[in-house]
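Have a look at target22.csv below; it lists CSV, C-alpha atoms.
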```csv
chain,number,residue,atom,x,y,z
A,1,MET,CA,0.0,0.0,0.0
A,2,ASP,CA,1.2,3.5,-0.8
A,3,SER,CA,3.0,5.3,2.1
A,4,TYR,CA,1.3,8.6,1.2
A,5,ILE,CA,-2.2,7.1,1.4
A,6,ILE,CA,-1.5,5.5,4.8
A,7,THR,CA,-0.1,8.8,6.1
A,8,ILE,CA,-3.1,11.0,5.0
A,9,THR,CA,-5.5,8.3,6.3
A,10,LEU,CA,-3.8,8.4,9.7
A,11,ILE,CA,-3.9,12.2,9.7
A,12,GLY,CA,-7.6,12.1,8.9
A,13,ILE,CA,-8.3,9.7,11.7
A,14,ALA,CA,-6.3,11.9,14.1
A,15,ALA,CA,-7.9,15.1,13.0
A,16,LEU,CA,-11.4,13.6,13.1
A,17,GLY,CA,-10.7,12.3,16.6
A,18,MET,CA,-10.0,15.8,17.8
A,19,ALA,CA,-13.7,16.5,17.5
A,20,TRP,CA,-14.3,14.0,20.4
A,21,MET,CA,-11.3,14.9,22.5
A,22,PRO,CA,-12.9,17.6,24.6
A,23,SER,CA,-15.6,15.3,25.7
A,24,PHE,CA,-13.1,12.4,26.2
A,25,THR,CA,-10.9,14.6,28.3
A,26,LYS,CA,-13.7,15.9,30.4
A,27,LYS,CA,-15.0,12.4,31.2
A,28,THR,CA,-11.6,10.6,31.7
A,29,GLY,CA,-9.3,13.4,32.8
A,30,ILE,CA,-6.8,12.3,30.2
A,31,SER,CA,-5.5,15.0,27.9
A,32,ASP,CA,-5.6,14.7,24.2
A,33,SER,CA,-1.8,15.3,24.0
A,34,PHE,CA,-1.2,12.1,26.0
A,35,VAL,CA,-3.6,10.1,23.7
A,36,TYR,CA,-2.1,11.3,20.5
A,37,VAL,CA,1.5,10.8,21.5
A,38,LEU,CA,0.5,7.2,22.4
A,39,LEU,CA,-1.3,6.8,19.1
A,40,GLY,CA,1.8,8.1,17.2
A,41,ALA,CA,4.1,5.7,19.1
A,42,VAL,CA,1.8,2.7,18.4
A,43,SER,CA,1.3,3.6,14.8
A,44,TYR,CA,5.0,4.1,14.0
A,45,TYR,CA,5.9,0.9,15.9
A,46,PHE,CA,3.6,-1.3,13.8
A,47,ILE,CA,3.5,0.5,10.4
A,48,ASP,CA,6.9,0.7,8.7
A,49,MET,CA,5.7,2.7,5.7
A,50,LEU,CA,5.1,6.0,7.6
A,51,PRO,CA,7.5,8.8,6.9
A,52,LYS,CA,10.6,8.8,9.2
A,53,PRO,CA,9.9,11.0,12.2
A,54,ASP,CA,13.4,12.4,12.7
A,55,PRO,CA,13.4,16.1,13.9
A,56,VAL,CA,17.2,16.0,14.0
A,57,ARG,CA,17.6,15.0,10.4
A,58,TYR,CA,14.8,17.3,9.2
A,59,GLU,CA,15.6,20.3,11.4
A,60,ASP,CA,14.4,22.9,8.9
A,61,TYR,CA,11.0,21.2,8.6
A,62,THR,CA,10.9,21.0,12.4
A,63,VAL,CA,11.6,24.7,12.8
A,64,HIS,CA,9.0,25.9,10.3
A,65,PHE,CA,6.2,23.5,11.2
A,66,THR,CA,6.5,24.1,15.0
A,67,GLU,CA,6.8,27.8,14.3
A,68,PHE,CA,3.6,27.8,12.3
A,69,VAL,CA,1.7,25.9,15.0
A,70,ILE,CA,2.9,28.3,17.7
A,71,ILE,CA,1.8,31.3,15.8
A,72,ILE,CA,-1.7,30.0,15.5
A,73,SER,CA,-1.8,28.9,19.1
A,74,ILE,CA,-0.6,32.3,20.4
A,75,MET,CA,-3.2,34.1,18.4
A,76,GLY,CA,-5.9,31.9,19.8
A,77,GLY,CA,-4.6,32.2,23.3
A,78,GLY,CA,-4.7,36.0,23.2
A,79,LEU,CA,-8.2,36.1,21.7
A,80,LYS,CA,-9.7,34.1,24.5
A,81,ILE,CA,-8.4,36.1,27.5
A,82,ASP,CA,-11.4,37.9,29.0
A,83,ARG,CA,-9.4,40.1,31.4
A,84,PRO,CA,-8.6,43.6,30.0
A,85,PHE,CA,-4.9,44.4,30.1
A,86,SER,CA,-3.3,46.5,32.8
A,87,LEU,CA,-0.2,46.2,34.9
A,88,LYS,CA,-2.3,45.5,38.0
A,89,THR,CA,-4.7,42.9,36.5
A,90,TRP,CA,-1.9,41.2,34.7
A,91,ALA,CA,0.6,41.3,37.6
A,92,VAL,CA,0.7,37.5,38.1
A,93,PRO,CA,1.5,36.5,34.5
A,94,LEU,CA,4.0,39.4,34.3
A,95,ARG,CA,5.8,37.9,37.4
A,96,LEU,CA,5.8,34.5,35.7
A,97,LEU,CA,7.3,36.1,32.6
A,98,THR,CA,10.1,37.9,34.5
A,99,VAL,CA,10.9,36.3,37.8
A,100,THR,CA,9.8,32.7,37.3
A,101,MET,CA,11.1,32.2,33.7
A,102,VAL,CA,14.4,33.8,34.3
A,103,LEU,CA,14.9,31.9,37.6
A,104,SER,CA,14.0,28.6,35.7
A,105,ILE,CA,16.5,29.4,33.0
A,106,PHE,CA,19.3,30.1,35.5
A,107,LEU,CA,18.7,27.0,37.7
A,108,LEU,CA,18.4,24.6,34.8
A,109,THR,CA,21.4,26.0,33.1
A,110,MET,CA,23.5,25.7,36.3
A,111,LEU,CA,22.2,22.1,36.9
A,112,CYS,CA,23.0,21.1,33.3
A,113,TYR,CA,26.5,22.7,33.5
A,114,LEU,CA,27.5,21.3,36.9
A,115,VAL,CA,25.8,17.9,36.8
A,116,LEU,CA,25.7,16.9,33.2
A,117,HIS,CA,29.0,18.7,32.4
A,118,PHE,CA,27.7,20.2,29.1
A,119,ASP,CA,29.5,23.3,27.8
A,120,PHE,CA,27.9,26.6,29.0
A,121,ALA,CA,26.3,27.4,25.6
A,122,SER,CA,24.6,24.0,25.4
A,123,SER,CA,23.5,24.3,29.1
A,124,LEU,CA,22.1,27.8,28.4
A,125,LEU,CA,20.2,26.6,25.4
A,126,LEU,CA,18.6,23.8,27.4
A,127,GLY,CA,17.5,26.3,30.0
A,128,ALA,CA,16.2,28.7,27.3
A,129,ALA,CA,14.3,26.0,25.4
A,130,LEU,CA,12.6,24.6,28.4
A,131,ALA,CA,11.8,27.6,30.5
A,132,PRO,CA,8.7,29.0,28.6
A,133,THR,CA,5.3,27.5,29.3
A,134,ASP,CA,4.0,26.0,26.1
A,135,PRO,CA,1.0,27.7,24.5
A,136,VAL,CA,0.2,24.7,22.3
A,137,LEU,CA,-0.2,21.7,24.7
A,138,ALA,CA,-1.6,23.7,27.6
A,139,ALA,CA,-5.2,23.7,26.5
A,140,ASP,CA,-6.3,21.7,29.6
A,141,VAL,CA,-5.0,24.4,31.9
A,142,GLN,CA,-6.0,27.5,29.9
A,143,VAL,CA,-9.2,29.6,29.9
A,144,GLY,CA,-12.0,28.7,27.6
A,145,PRO,CA,-13.5,30.6,24.7
A,146,PRO,CA,-14.1,34.4,24.9
A,147,LEU,CA,-17.0,35.9,26.9
A,148,GLU,CA,-16.9,33.2,29.6
A,149,THR,CA,-19.1,33.7,32.7
A,150,THR,CA,-16.4,32.8,35.2
A,151,LYS,CA,-13.1,34.3,36.4
A,152,ASP,CA,-10.3,31.8,37.1
A,153,ASN,CA,-7.0,33.2,38.3
A,154,VAL,CA,-5.0,29.9,37.7
A,155,ARG,CA,-6.2,29.4,34.1
A,156,PHE,CA,-5.8,33.1,33.3
A,157,ALA,CA,-2.2,33.2,34.6
A,158,LEU,CA,-1.1,30.1,32.7
A,159,THR,CA,-2.8,31.3,29.5
A,160,ALA,CA,-1.3,34.7,29.6
A,161,GLU,CA,2.1,33.4,30.6
A,162,ALA,CA,2.1,30.9,27.7
A,163,GLY,CA,1.3,33.7,25.3
A,164,MET,CA,3.8,36.2,26.5
A,165,ASN,CA,6.8,34.1,27.3
A,166,ASP,CA,7.5,32.6,23.8
A,167,GLY,CA,9.0,35.9,22.6
A,168,MET,CA,10.8,36.5,25.9
A,169,GLY,CA,12.2,33.0,25.9
A,170,PHE,CA,13.4,33.5,22.3
A,171,SER,CA,15.8,36.2,23.5
A,172,PHE,CA,17.6,33.7,25.7
A,173,THR,CA,17.8,31.3,22.9
A,174,TRP,CA,19.7,34.0,21.0
A,175,LEU,CA,21.8,34.4,24.1
A,176,ALA,CA,22.8,30.8,23.9
A,177,ILE,CA,23.6,31.2,20.2
A,178,SER,CA,25.7,34.3,21.0
A,179,VAL,CA,27.6,32.4,23.8
A,180,ALA,CA,28.3,29.5,21.3
A,181,SER,CA,29.7,32.1,18.9
A,182,LEU,CA,32.1,33.7,21.4
A,183,GLY,CA,35.7,33.9,20.4
A,184,PRO,CA,38.8,36.0,21.2
A,185,ASN,CA,37.8,38.7,18.8
A,186,ASN,CA,34.1,39.0,19.4
A,187,ALA,CA,33.7,39.6,23.2
A,188,GLY,CA,31.3,42.4,22.4
A,189,SER,CA,28.6,40.0,21.1
A,190,ILE,CA,27.0,39.7,24.5
A,191,PHE,CA,26.4,43.5,24.6
A,192,GLU,CA,25.1,43.3,21.1
A,193,TRP,CA,22.7,40.5,22.2
A,194,PHE,CA,21.4,42.7,25.0
A,195,ALA,CA,20.9,45.7,22.8
A,196,TYR,CA,19.5,44.0,19.8
A,197,ASP,CA,18.1,40.6,20.6
A,198,PHE,CA,16.8,41.5,24.0
A,199,VAL,CA,15.9,45.2,24.0
A,200,TYR,CA,15.2,46.1,20.4
A,201,LYS,CA,13.4,42.9,19.3
A,202,ILE,CA,11.1,42.8,22.4
A,203,ILE,CA,10.2,46.5,22.1
A,204,ALA,CA,9.7,46.2,18.3
A,205,GLY,CA,7.4,43.2,18.8
A,206,ILE,CA,5.3,44.9,21.5
A,207,ILE,CA,4.9,48.1,19.4
A,208,ALA,CA,4.2,46.3,16.2
A,209,GLY,CA,1.7,44.0,17.8
A,210,PHE,CA,-0.2,46.9,19.5
A,211,LEU,CA,-0.4,49.0,16.4
A,212,LEU,CA,-1.3,46.1,14.1
A,213,GLY,CA,-3.9,44.9,16.6
A,214,LYS,CA,-5.5,48.4,16.7
A,215,VAL,CA,-5.6,48.5,12.9
A,216,LEU,CA,-7.1,45.1,12.8
A,217,GLY,CA,-9.7,46.0,15.4
A,218,TYR,CA,-10.6,49.1,13.4
A,219,LEU,CA,-11.0,47.2,10.2
A,220,ILE,CA,-13.2,44.5,11.8
A,221,PHE,CA,-15.3,46.5,14.2
A,222,ASN,CA,-15.5,49.9,12.6
A,223,VAL,CA,-15.0,49.6,8.9
A,224,SER,CA,-16.6,46.2,8.4
A,225,GLN,CA,-19.4,45.9,11.0
A,226,LYS,CA,-20.5,49.6,11.1
A,227,THR,CA,-20.1,50.9,7.6
A,228,ARG,CA,-20.5,47.6,5.7
A,229,PHE,CA,-17.9,48.9,3.3
A,230,ILE,CA,-15.8,45.9,3.7
A,231,ASN,CA,-17.3,42.5,4.4
A,232,ILE,CA,-15.2,40.8,7.0
A,233,ASN,CA,-17.3,38.1,8.7
A,234,ASP,CA,-15.3,34.9,8.9
A,235,GLY,CA,-13.2,33.5,11.7
A,236,PHE,CA,-10.3,32.7,9.3
A,237,ILE,CA,-9.3,36.3,9.7
A,238,ALA,CA,-7.7,35.3,13.0
A,239,VAL,CA,-5.3,32.9,11.3
A,240,ALA,CA,-4.6,35.2,8.3
A,241,SER,CA,-4.0,38.1,10.6
A,242,ALA,CA,-1.6,36.1,12.8
A,243,LEU,CA,0.5,35.1,9.8
A,244,LEU,CA,0.5,38.7,8.5
A,245,ILE,CA,1.4,40.2,11.9
A,246,TYR,CA,4.2,37.7,12.4
A,247,GLY,CA,5.6,38.2,9.0
A,248,LEU,CA,5.6,42.1,9.1
A,249,THR,CA,7.2,42.1,12.6
A,250,GLU,CA,9.9,39.7,11.5
A,251,MET,CA,10.6,42.0,8.6
A,252,ILE,CA,11.6,44.7,11.0
A,253,HIS,CA,13.5,42.2,13.0
A,254,GLY,CA,11.2,42.2,16.0
A,255,TYR,CA,9.9,39.1,17.8
A,256,GLY,CA,6.9,37.9,15.8
A,257,PHE,CA,5.6,35.8,18.6
A,258,ILE,CA,5.4,38.8,20.9
A,259,ALA,CA,3.7,40.8,18.2
A,260,VAL,CA,1.0,38.2,17.5
A,261,PHE,CA,0.1,37.8,21.2
A,262,VAL,CA,0.0,41.6,21.8
A,263,ALA,CA,-2.1,42.1,18.7
A,264,ALA,CA,-4.5,39.3,19.8
A,265,VAL,CA,-4.9,40.9,23.2
A,266,THR,CA,-5.3,44.3,21.7
A,267,LEU,CA,-7.9,43.0,19.3
A,268,ARG,CA,-9.7,41.2,22.2
A,269,ASN,CA,-9.9,44.5,24.1
A,270,TYR,CA,-11.4,46.3,21.0
A,271,GLU,CA,-15.2,46.1,21.2
A,272,PHE,CA,-14.8,43.8,24.3
A,273,THR,CA,-18.2,42.3,24.4
A,274,ASN,CA,-18.7,41.7,20.6
A,275,GLU,CA,-19.7,38.1,19.8
A,276,PHE,CA,-17.4,38.1,16.8
A,277,HIS,CA,-14.5,37.4,19.1
A,278,LYS,CA,-15.9,33.9,19.5
A,279,ASP,CA,-15.8,33.3,15.8
A,280,LEU,CA,-12.2,34.5,15.6
A,281,HIS,CA,-11.1,32.2,18.4
A,282,ASN,CA,-13.1,29.2,17.3
A,283,PHE,CA,-11.5,29.1,13.8
A,284,SER,CA,-8.0,29.5,15.1
A,285,ASP,CA,-8.7,26.8,17.7
A,286,GLN,CA,-9.9,24.4,15.1
A,287,VAL,CA,-6.8,24.9,12.9
A,288,GLU,CA,-4.5,24.6,15.8
A,289,ARG,CA,-6.1,21.3,17.0
A,290,ILE,CA,-5.6,19.7,13.6
A,291,LEU,CA,-2.0,20.8,13.4
A,292,VAL,CA,-1.3,19.7,17.0
A,293,ALA,CA,-2.7,16.2,16.2
A,294,ILE,CA,-0.1,15.9,13.4
A,295,VAL,CA,2.8,17.1,15.5
A,296,LEU,CA,1.9,14.8,18.4
A,297,LEU,CA,1.7,11.8,16.1
A,298,VAL,CA,5.2,12.5,14.7
A,299,PHE,CA,6.5,13.1,18.2
A,300,GLY,CA,5.1,9.8,19.3
A,301,GLY,CA,6.8,8.2,16.3
A,302,SER,CA,10.1,9.8,17.1
A,303,LEU,CA,10.0,8.2,20.6
A,304,VAL,CA,10.1,4.7,19.0
A,305,HIS,CA,12.6,5.8,16.4
A,306,GLY,CA,15.5,6.8,18.6
A,307,ILE,CA,15.0,10.4,19.7
A,308,LEU,CA,15.8,9.3,23.3
A,309,GLY,CA,18.9,7.4,22.1
A,310,SER,CA,21.3,9.8,23.8
A,311,LEU,CA,19.4,10.0,27.1
A,312,THR,CA,21.3,8.8,30.2
A,313,TRP,CA,19.9,8.2,33.7
A,314,THR,CA,21.6,11.4,34.9
A,315,MET,CA,19.9,13.4,32.2
A,316,ALA,CA,16.6,11.8,33.0
A,317,MET,CA,17.1,12.7,36.7
A,318,VAL,CA,17.8,16.3,35.6
A,319,GLY,CA,14.5,16.3,33.7
A,320,ILE,CA,12.6,15.0,36.7
A,321,ILE,CA,14.1,17.6,38.9
A,322,PHE,CA,13.1,20.3,36.4
A,323,ILE,CA,9.5,19.2,36.2
A,324,PHE,CA,9.0,18.5,39.9
A,325,LEU,CA,11.3,21.0,41.6
A,326,ILE,CA,12.8,23.8,39.4
A,327,ARG,CA,9.6,25.0,37.7
A,328,PRO,CA,7.4,24.7,40.9
A,329,PHE,CA,10.0,26.4,43.0
A,330,SER,CA,10.5,29.2,40.5
A,331,GLY,CA,6.8,29.6,40.2
A,332,VAL,CA,6.2,30.0,43.9
A,333,VAL,CA,9.1,32.5,44.2
A,334,GLY,CA,7.6,34.5,41.4
A,335,LEU,CA,4.2,34.6,43.1
A,336,ILE,CA,5.4,35.8,46.5
A,337,ASN,CA,3.4,38.7,47.9
A,338,THR,CA,0.5,38.2,45.5
A,339,ASP,CA,-3.1,37.9,46.7
A,340,LEU,CA,-3.5,34.3,45.4
A,341,HIS,CA,-4.3,31.5,47.7
A,342,ILE,CA,-1.5,29.0,48.3
A,343,LYS,CA,-3.3,26.3,46.3
A,344,GLU,CA,-3.7,28.7,43.4
A,345,LYS,CA,0.0,29.5,43.5
A,346,LEU,CA,0.9,25.8,43.6
A,347,GLY,CA,-1.4,25.1,40.7
A,348,ILE,CA,0.1,27.8,38.6
A,349,SER,CA,3.6,26.8,39.5
A,350,PHE,CA,3.3,23.1,38.8
A,351,TYR,CA,1.3,23.3,35.6
A,352,GLY,CA,3.8,25.1,33.5
A,353,ILE,CA,3.5,22.6,30.6
A,354,ARG,CA,6.4,22.0,28.2
A,355,GLY,CA,5.8,21.2,24.6
A,356,LEU,CA,6.2,22.4,21.0
A,357,GLY,CA,7.8,25.7,22.0
A,358,SER,CA,10.8,23.8,23.4
A,359,PHE,CA,11.2,21.9,20.1
A,360,TYR,CA,11.1,25.1,18.1
A,361,TYR,CA,13.7,26.9,20.2
A,362,LEU,CA,16.0,23.9,20.2
A,363,SER,CA,15.8,23.2,16.4
A,364,PHE,CA,16.1,26.9,15.6
A,365,ALA,CA,19.2,27.4,17.6
A,366,ILE,CA,20.9,24.3,16.2
A,367,THR,CA,20.2,25.5,12.6
A,368,GLN,CA,21.9,28.8,13.5
A,369,LYS,CA,25.0,27.4,15.2
A,370,ASP,CA,26.6,24.0,15.9
A,371,PHE,CA,26.2,23.0,19.5
A,372,LEU,CA,28.6,20.4,21.0
A,373,TYR,CA,25.8,18.4,22.7
A,374,SER,CA,23.0,18.7,20.1
A,375,ASN,CA,22.0,15.0,20.2
A,376,GLU,CA,21.9,15.0,24.0
A,377,LEU,CA,19.9,18.2,24.0
A,378,TRP,CA,17.3,16.6,21.7
A,379,SER,CA,17.1,13.6,23.9
A,380,ILE,CA,16.7,15.5,27.2
A,381,VAL,CA,14.2,18.0,25.8
A,382,SER,CA,12.1,15.2,24.3
A,383,PHE,CA,12.2,13.3,27.6
A,384,ILE,CA,11.1,16.4,29.5
A,385,VAL,CA,8.3,17.1,27.1
A,386,LEU,CA,7.2,13.5,27.3
A,387,LEU,CA,7.3,13.6,31.1
A,388,SER,CA,5.3,16.8,31.0
A,389,ILE,CA,2.7,15.3,28.7
A,390,ILE,CA,2.3,12.2,31.0
A,391,VAL,CA,2.4,13.9,34.4
A,392,HIS,CA,0.4,17.1,33.5
A,393,GLY,CA,-1.8,15.3,30.9
A,394,LEU,CA,-3.0,12.8,33.4
A,395,THR,CA,-3.6,15.2,36.3
A,396,ALA,CA,-4.3,18.7,34.9
A,397,THR,CA,-8.0,18.3,34.2
A,398,ARG,CA,-8.9,17.0,37.6
A,399,VAL,CA,-6.8,19.5,39.5
A,400,MET,CA,-8.0,22.5,37.4
A,401,THR,CA,-11.6,21.4,37.9
A,402,LYS,CA,-11.1,21.3,41.7
A,403,LEU,CA,-9.3,24.7,41.7
A,404,GLU,CA,-12.0,26.2,39.5
A,405,SER,CA,-14.8,25.0,41.8
A,406,LYS,CA,-13.1,26.4,44.8
A,407,PHE,CA,-11.7,29.7,43.6
A,408,SER,CA,-13.5,30.8,40.4
A,409,GLU,CA,-15.9,33.8,40.4
A,410,GLU,CA,-18.9,34.6,38.3
A,411,ILE,CA,-18.5,37.6,36.0
A,412,VAL,CA,-20.9,39.7,34.0
A,413,HIS,CA,-20.0,41.1,30.6
```
Rewrite the structure of this file - the entire thing - as structure tokens.
Amino acid sequence: MDSYIITITLIGIAALGMAWMPSFTKKTGISDSFVYVLLGAVSYYFIDMLPKPDPVRYEDYTVHFTEFVIIISIMGGGLKIDRPFSLKTWAVPLRLLTVTMVLSIFLLTMLCYLVLHFDFASSLLLGAALAPTDPVLAADVQVGPPLETTKDNVRFALTAEAGMNDGMGFSFTWLAISVASLGPNNAGSIFEWFAYDFVYKIIAGIIAGFLLGKVLGYLIFNVSQKTRFININDGFIAVASALLIYGLTEMIHGYGFIAVFVAAVTLRNYEFTNEFHKDLHNFSDQVERILVAIVLLVFGGSLVHGILGSLTWTMAMVGIIFIFLIRPFSGVVGLINTDLHIKEKLGISFYGIRGLGSFYYLSFAITQKDFLYSNELWSIVSFIVLLSIIVHGLTATRVMTKLESKFSEEIVH
């Protein structure tokens, strides 16, 4: 039988299954990410004719496909946040973005450098790749569609953190690349990283996202819905806009991920109670779910085709320490002196799910610069993502439901 036919059939089954996943997750408490990784592993184990799932060999494809999925996911995440932006109301995710993420990067980098004895550039890359909470695989801990009737601090914090920290985490990936490029005649590259990759690219992403979000909001809610001069009435605008915003921002060398999220939040705050926000979110969510199904199948296949081949027991222990100690500790530290209940703090701190963002940062960095421990990095990142999918995927739904029943508040739009 033709390999292509088998592949598209499997993708069709996976995509169709996504329609039942929300109900399945609600009844069983098992996340769709866990199910699809398992399905991918089983499929690749028994079917030899499927395309080889090798992200190391096909790094360019890995970079661009994961990048595309993250763009769509970030747009959808920003569109479903029902809390208007202000420094006060967004204080918790801003702390997670600054204190928690930076502390996670530092602790994991030091652990990798001192325990695994990787060179500093590889250690820093591991910290940068794994620090951000993933916007793609975190659906079980995020807020629901726009215009919900409840206010949930835990889900809001994790949704906003996942949307914001992809661009911020990218700057530390560039720092790892800069460190790997250091030589006797380019000691100034760290200063250049701070000025360009950290300060300029972040500011450019924020400004571009805000301005483009305002323009998009004006076109949709003023020009289209009020004057009827332009007919914009389909949810696909969300996906099209995300790609356009990302591309335009990258053209001016800003962080496109930041711009897409800022634009999504800006658009969400434009005509806040308009029902069209649901259409925008729903379409991006449907596209994202199909793409995620494909990625998870391939990831499951890579697990049985050697992606963990360079993993050692010490590396596995570092991964366990990161999931169960470093991220929770960093989260609790970042949330000191907030008004959250201790159970909310622990929920936010523990459920920083790792996923496709880590694969993107790792593959991107390795395509830019040769790292001494690239095979080991792929193995430990894949192990940590797998561990996150298992641990968080089997517990998140039940824990979030309990926290929601105890701490959520009714809101009126």
So that I can see what lies close to segment 382-385 of chain A, please list as a PDB file with C-alpha atoms, in the coordinates of the input the residues with an atom at most 6 Å from it, counting only C-alpha atoms and leaving out residues fewer than 6 positions away in the same chain.
```pdb
ATOM      1  CA  GLY A 319      14.500  16.300  33.700  1.00  0.00           C
ATOM      2  CA  ARG A 354       6.400  22.000  28.200  1.00  0.00           C
ATOM      3  CA  GLY A 355       5.800  21.200  24.600  1.00  0.00           C
TER       4      GLY A 355
END
```
Exercise: Gly256 of chain A partners within 12 Å, all atoms listed in the file, chain neighbours under 6 positions left out, as number ranges by chain | A: 67-68, 70-72, 74-75, 163-164, 166-168, 170-171, 201-209, 212, 242-250, 262-263
Selected residue of minimal separation from Gln142 of chain A among A:Ile177, A:Thr367, A:Ile190, A:Glu404, counting only C-alpha atoms = A:Glu404
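Of the listed residues A:Pro146, A:Ile8, A:Phe34, A:Lys214, the one whose atoms come nearest to Ile390 of chain A is A:Phe34, with distances taken using all atoms listed in the file.
For the atom pair formed by atom CA of Asp82 of chain A and atom CA of Ala259 of chain A, the distance is 18.8 Å, given to one decimal.
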Using only C-alpha atoms, which residue out of A:Ile220, A:Ile389, A:Ile11, A:Leu175 lies closest to Tyr270 of chain A?
-> A:Ile220
Residue neighbourhood segment 335-348 of chain A, 12 Å, all atoms listed in the file, exclusion window fewer than 3 positions, as a PyMOL selection string | chain A and resi 88-101+133+138+141-142+152-162+324-325+327-332+351-353+392+395-408
Those same residues, written as a compact mmCIF listing (two decimals), in the frame of the given file with C-alpha atoms?
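The resulting file, result-v3.txt, is reproduced below:
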```txt
# COMPACT_ATOMS: atom_id res chain seq x y z
CA LYS A 88 -2.30 45.50 38.00
CA THR A 89 -4.70 42.90 36.50
CA TRP A 90 -1.90 41.20 34.70
CA ALA A 91 0.60 41.30 37.60
CA VAL A 92 0.70 37.50 38.10
CA PRO A 93 1.50 36.50 34.50
CA LEU A 94 4.00 39.40 34.30
CA ARG A 95 5.80 37.90 37.40
CA LEU A 96 5.80 34.50 35.70
CA LEU A 97 7.30 36.10 32.60
CA THR A 98 10.10 37.90 34.50
CA VAL A 99 10.90 36.30 37.80
CA THR A 100 9.80 32.70 37.30
CA MET A 101 11.10 32.20 33.70
CA THR A 133 5.30 27.50 29.30
CA ALA A 138 -1.60 23.70 27.60
CA VAL A 141 -5.00 24.40 31.90
CA GLN A 142 -6.00 27.50 29.90
CA ASP A 152 -10.30 31.80 37.10
CA ASN A 153 -7.00 33.20 38.30
CA VAL A 154 -5.00 29.90 37.70
CA ARG A 155 -6.20 29.40 34.10
CA PHE A 156 -5.80 33.10 33.30
CA ALA A 157 -2.20 33.20 34.60
CA LEU A 158 -1.10 30.10 32.70
CA THR A 159 -2.80 31.30 29.50
CA ALA A 160 -1.30 34.70 29.60
CA GLU A 161 2.10 33.40 30.60
CA ALA A 162 2.10 30.90 27.70
CA PHE A 324 9.00 18.50 39.90
CA LEU A 325 11.30 21.00 41.60
CA ARG A 327 9.60 25.00 37.70
CA PRO A 328 7.40 24.70 40.90
CA PHE A 329 10.00 26.40 43.00
CA SER A 330 10.50 29.20 40.50
CA GLY A 331 6.80 29.60 40.20
CA VAL A 332 6.20 30.00 43.90
CA TYR A 351 1.30 23.30 35.60
CA GLY A 352 3.80 25.10 33.50
CA ILE A 353 3.50 22.60 30.60
CA HIS A 392 0.40 17.10 33.50
CA THR A 395 -3.60 15.20 36.30
CA ALA A 396 -4.30 18.70 34.90
CA THR A 397 -8.00 18.30 34.20
CA ARG A 398 -8.90 17.00 37.60
CA VAL A 399 -6.80 19.50 39.50
CA MET A 400 -8.00 22.50 37.40
CA THR A 401 -11.60 21.40 37.90
CA LYS A 402 -11.10 21.30 41.70
CA LEU A 403 -9.30 24.70 41.70
CA GLU A 404 -12.00 26.20 39.50
CA SER A 405 -14.80 25.00 41.80
CA LYS A 406 -13.10 26.40 44.80
CA PHE A 407 -11.70 29.70 43.60
CA SER A 408 -13.50 30.80 40.40
```
Between atom CA of Val35 of chain A and atom CA of Gly393 of chain A, measure the distance and give it in Å to one decimal.
->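 Distance reported for this atom pair: 9.1 Å.
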Residues at most 10 Å from Ala176 of chain A, counting only C-alpha atoms, excluding those fewer than 6 positions away in the same chain, as a PyMOL selection string?
-> chain A and resi 120-129+170+190+193+365+369+371
Record the distance separating atom CA of Pro132 of chain A and atom CA of Asn165 of chain A, expressed in Å with one decimal.
->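 Atom-to-atom, atom CA of Pro132 of chain A to atom CA of Asn165 of chain A, that is 5.6 Å.
When all atoms listed in the file are used to measure the gap to Asp370 of chain A, the shortest distance among A:Glu288, A:Leu108, A:Val179, A:Phe46 belongs to A:Val179.
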When distances are computed from all atoms listed in the file, which of A:Met18, A:Ile237, A:Val381, A:Ile5 shows the smallest separation from Val318 of chain A?
-> A:Val381
When distances are computed from all atoms listed in the file, which of A:Gly213, A:Pro145, A:Gly40, A:Gly235 shows the smallest separation from Val287 of chain A?
->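 That would be A:Gly235, the residue with the smallest distance to Val287 of chain A.
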Got a sec: who's within 8 Å of Val265 of chain A, counting all atoms listed in the file, leaving out chain neighbours fewer than 6 positions off, as an MDAnalysis selection string?
-> chainID A and resid 78:79 81 85 213
